[in-house]
Amino acid sequence: MARNKFDIDEELESPFDIRHFKRALVYAGRYKKRIALGIALSLISIFAGLITPLFAMHSIDVAIPSGNIPLVLTLGGGMLLSIFAGVFFAQRRSIVMTKVGQDIIYDIREDLFAHLQKLSFEYYDSRPHGKILVRLVNYINNVSELMTNGIINLVMEMLNLLFIAIFMFIVSWELALVVIGGLPLFLVIILFIKNKQRKAWQAVSNKTSNMNAYLHESIVGVGITQMFTREEENAEIFDELSRAYRKDWMRAVSFSLLVWPSVDNIANIVRGAIFIVGLVFFAATAGAEAAATLGTVSAMSMYSWRFWQPLINLSNLMNTFITAVAYLERIFETLDEPIAVSDKPNAVVLPPVKGKVTFENVTFAYEKDNILENLSFTVNPGESIALVGPTGAGKTTIVNLISRFYDVDGGRVLIDNTDISKVSLASLRRQMGIMLQDSFVFSGTVMFNIKYGKRDATDDEAIRACKIVGIDDFIRTLPNGYDTEIKERGAGLSAGQKQLIAFARTILANPRILVLDEATSSIDAKTERNMQKSLDYLLKGRTCTSFIIAHRLSTVRNCDKIMYVNERGITECGSHDELMTKKGYYYSLYEAQIL
């Protein structure tokens with residue numbers, strides 16, 4: 001799949017439309033009261049700024065010509081007060097909206113993280129994890145400015161334009177027409193740049209994703225890199241990805257930087273036109289009355305600056321908006337990713353199970369390539385089942401279907417005669433102990449990792465589980481025993497030690513159905529024998545049904561049944577002695593391992 005490569009740009013599966021922006025507004029709707037406060041503060045700031053030119057006009061046209069010093073001082077004081085009020089309330093608005101914006105970003109990130117935890121294994125198998133991580137961190141950070149001040153600024157700048165236009169037409173409708181005469185040119189420039197800019201920022205998001213994917217992969221595999229001395233080759237690959245990112249970034253920024261100077265030049269041209277029209281035209285037609293219009297021209301020049309300033313701000317907001325849109329597309333694309341395995345609308349709670357597992361004509365495929373076809377079998381409560389066979393035959397797929405990490409394409413999987421597709425996932429998995437082939441441990445204490453699947457377990461219960469799997473003695477040799485901090489991905493622990501900690505975690509969950517996928521693949525022979533004794537002790541006399549996947553056939557000889565998985569199903573089933581007598585697939589595999 002192309003999306004699974006770090007050097008292939010991701011294509012958007014659904015293009016952006018206005019609904020994406022409306023979805024962002026839904027998050028803003030959770031904070032209506034604070035946004036209303038922000039709007040109120042903005043309106044006060046706008047009106048405080050709009051009356052400032054009126055003070056200046058009255059001073060020039062009335063107070064100064066008449067020599068009325070008290071009136072000049074009064075108007076000057078009013079002008080200073082209006083400027084101070086405008087700045088003060090704008091600053092208060094900024095504080096309120098910054099907090100609102102960060103709350104919105106928090107909500108989006110929380111929703112995205114919660115959604116990612118529900119997506120199926122298939123989603124993660126088909127994408128580099130770095131490309132997923134970049135959406136949760138970098139992309140959401142990049143929409144922060146839009147959600148912090150962008151939305152309210154968009155509304156307020158448009159209201160600002162409306163109020164300024166009203167004031168301009170009140171002062172002089174002729175000069176007001178001159179000011180808005182530059183709008184057609186402004187719209188032409190914006191329409192020309194908009195689409196190119198959006199595509200350019202989409203390309204930047206792609207290159208960011210690619211670089212993050214390769215960086216994540218390189219960090220995780222740094223040991224292999226050093227082992228095979230591939231540092232220089234990897235540096236060249238990263239350099240190529242960085243150059244591609246730099247190229248698209250510079251192109252996107254060049255489009256963004258076209259907007260502001262274009263609008264600023266239009267604004268300066270319009271301001272010049274105001275003086276030309278106001279002083280030359282009025283002087284030629286009004287004669288002595290021209291001096292009386294000096295305050296009007298001065299006020300209109302100030303209003304013109306204020307009129308084009310919101311347009312400049314709106315153009316900058318457009319830059320922010322278009323940049324954020326490129327990331328919102330990716331964020332909402334991830335949020336829209338369907339959850340392949342989820343609770344049905346009428347899902348019921350699975351009652352305490354005895355452990356009977358039944359497959360009825362089960363068919364399952366990865367990307368239309370059938371792994372299992374019409375598979376049927378029944379496992380009784382308390383039985384231990386070994387799944388053996390060639391790599392890729394479907395052994396892990398079978399236990400993943402029991403755990404409902406995937407839904408079947410055909411047939412049914414039943415536990416105690418209950419179709420597991422009709423029960424809640426939580427009630428199903430709470431009664432299962434699953435140890436996958438990758439023995440993952442989290443950063444945190446040893447005790448935290450052991451209790452990960454059963455948070456209400458006592459320390460004594462956790463220690464007992466460790467004694468059962470034979471790792472208690474090792475843990476007590478650590479600097480702080482069970483309180484020793486484990487580094488990320490279990491750095492400092494051997495693969496076998498991580499596997500035993502994972503096994504203890506699984507045992508502690510007290511499962512009714514136990515799944516062990518290559519549970520002994522990374523431990524030595526002595527530890528394996530001890531672990532086998534622990535497993536035998538654990539299963540003895542219990543109703544726990546166990547499924548054990550193993551390539552070492554010596555570990556499954558004592559299982560009640562051994563199923564040989566091959567050719568899209570089970571080709572042989574029986575005890576070790578029965579299958580050895582039959583001299584079929586299992587016999588050949590067992591003899592090959594002994595030799």
# chains A, B, ... in the order shown; residues from 1 in each chain; ligands from 1
>>> closest_atom_pairs(of="stretch 219-266 of chain A", to="stretch 296-306 of chain A", cutoff="12 Å", atoms="only C-alpha atoms", output="tab-separated table")
residue	atom	partner	partner_atom	distance
A:Val263	CA	A:Trp305	CA	11.6
A:Asp264	CA	A:Trp305	CA	9.8
A:Asn265	CA	A:Trp305	CA	11.7
A:Ile266	CA	A:Trp305	CA	10.9
>>> residues_around(residues="A:Val357", least_positions_apart="4", cutoff="6 Å", atoms="only C-alpha atoms", output="ChimeraX atom specification")
/A:378-379,414-415
>>> write_last_selection(atoms="C-alpha atoms", output="PDB file, in the first residue's frame")
ATOM      1  CA  THR A 378     -15.257 -26.260  18.827  1.00  0.00           C
ATOM      2  CA  VAL A 379     -13.081 -25.961  21.917  1.00  0.00           C
ATOM      3  CA  LEU A 414     -19.172 -17.857  19.528  1.00  0.00           C
ATOM      4  CA  ILE A 415     -18.154 -17.996  23.175  1.00  0.00           C
TER       5      ILE A 415
END
>>> atom_distance(atom1="atom CA of A:Ile312", atom2="atom CA of A:Met250")
21.6 Å
>>> residues_around(residues="stretch 428-438 of chain A", least_positions_apart="2", cutoff="9 Å", atoms="only C-alpha atoms", output="ChimeraX atom specification")
/A:349-353,396,399,403-404,420,423-426,440,453,499,502-503,505-519,521
>>> closest_residue(among="A:Gln497, A:Thr98, A:Thr477, A:Asn400", to="A:Phe121", atoms="only C-alpha atoms")
A:Asn400
>>> select_by_dssp(residues="stretch 377-461 of chain A", states="helix (DSSP H, G or I)", output="list of chain:residue names")
A:Lys395, A:Thr396, A:Thr397, A:Ile398, A:Val399, A:Asn400, A:Leu401, A:Ile402, A:Ile420, A:Ser421, A:Lys422, A:Leu425, A:Ala426, A:Ser427, A:Leu428, A:Arg429, A:Val446, A:Met447, A:Phe448, A:Asn449, A:Ile450, A:Asp459, A:Asp460, A:Glu461
>>> residues_around(residues="A:His576", least_positions_apart="4", cutoff="7 Å", atoms="only C-alpha atoms", output="VMD selection string")
chain A and resid 557 562 580
>>> atom_distance(atom1="atom CA of A:Leu241", atom2="atom CA of A:Lys207")
7.3 Å
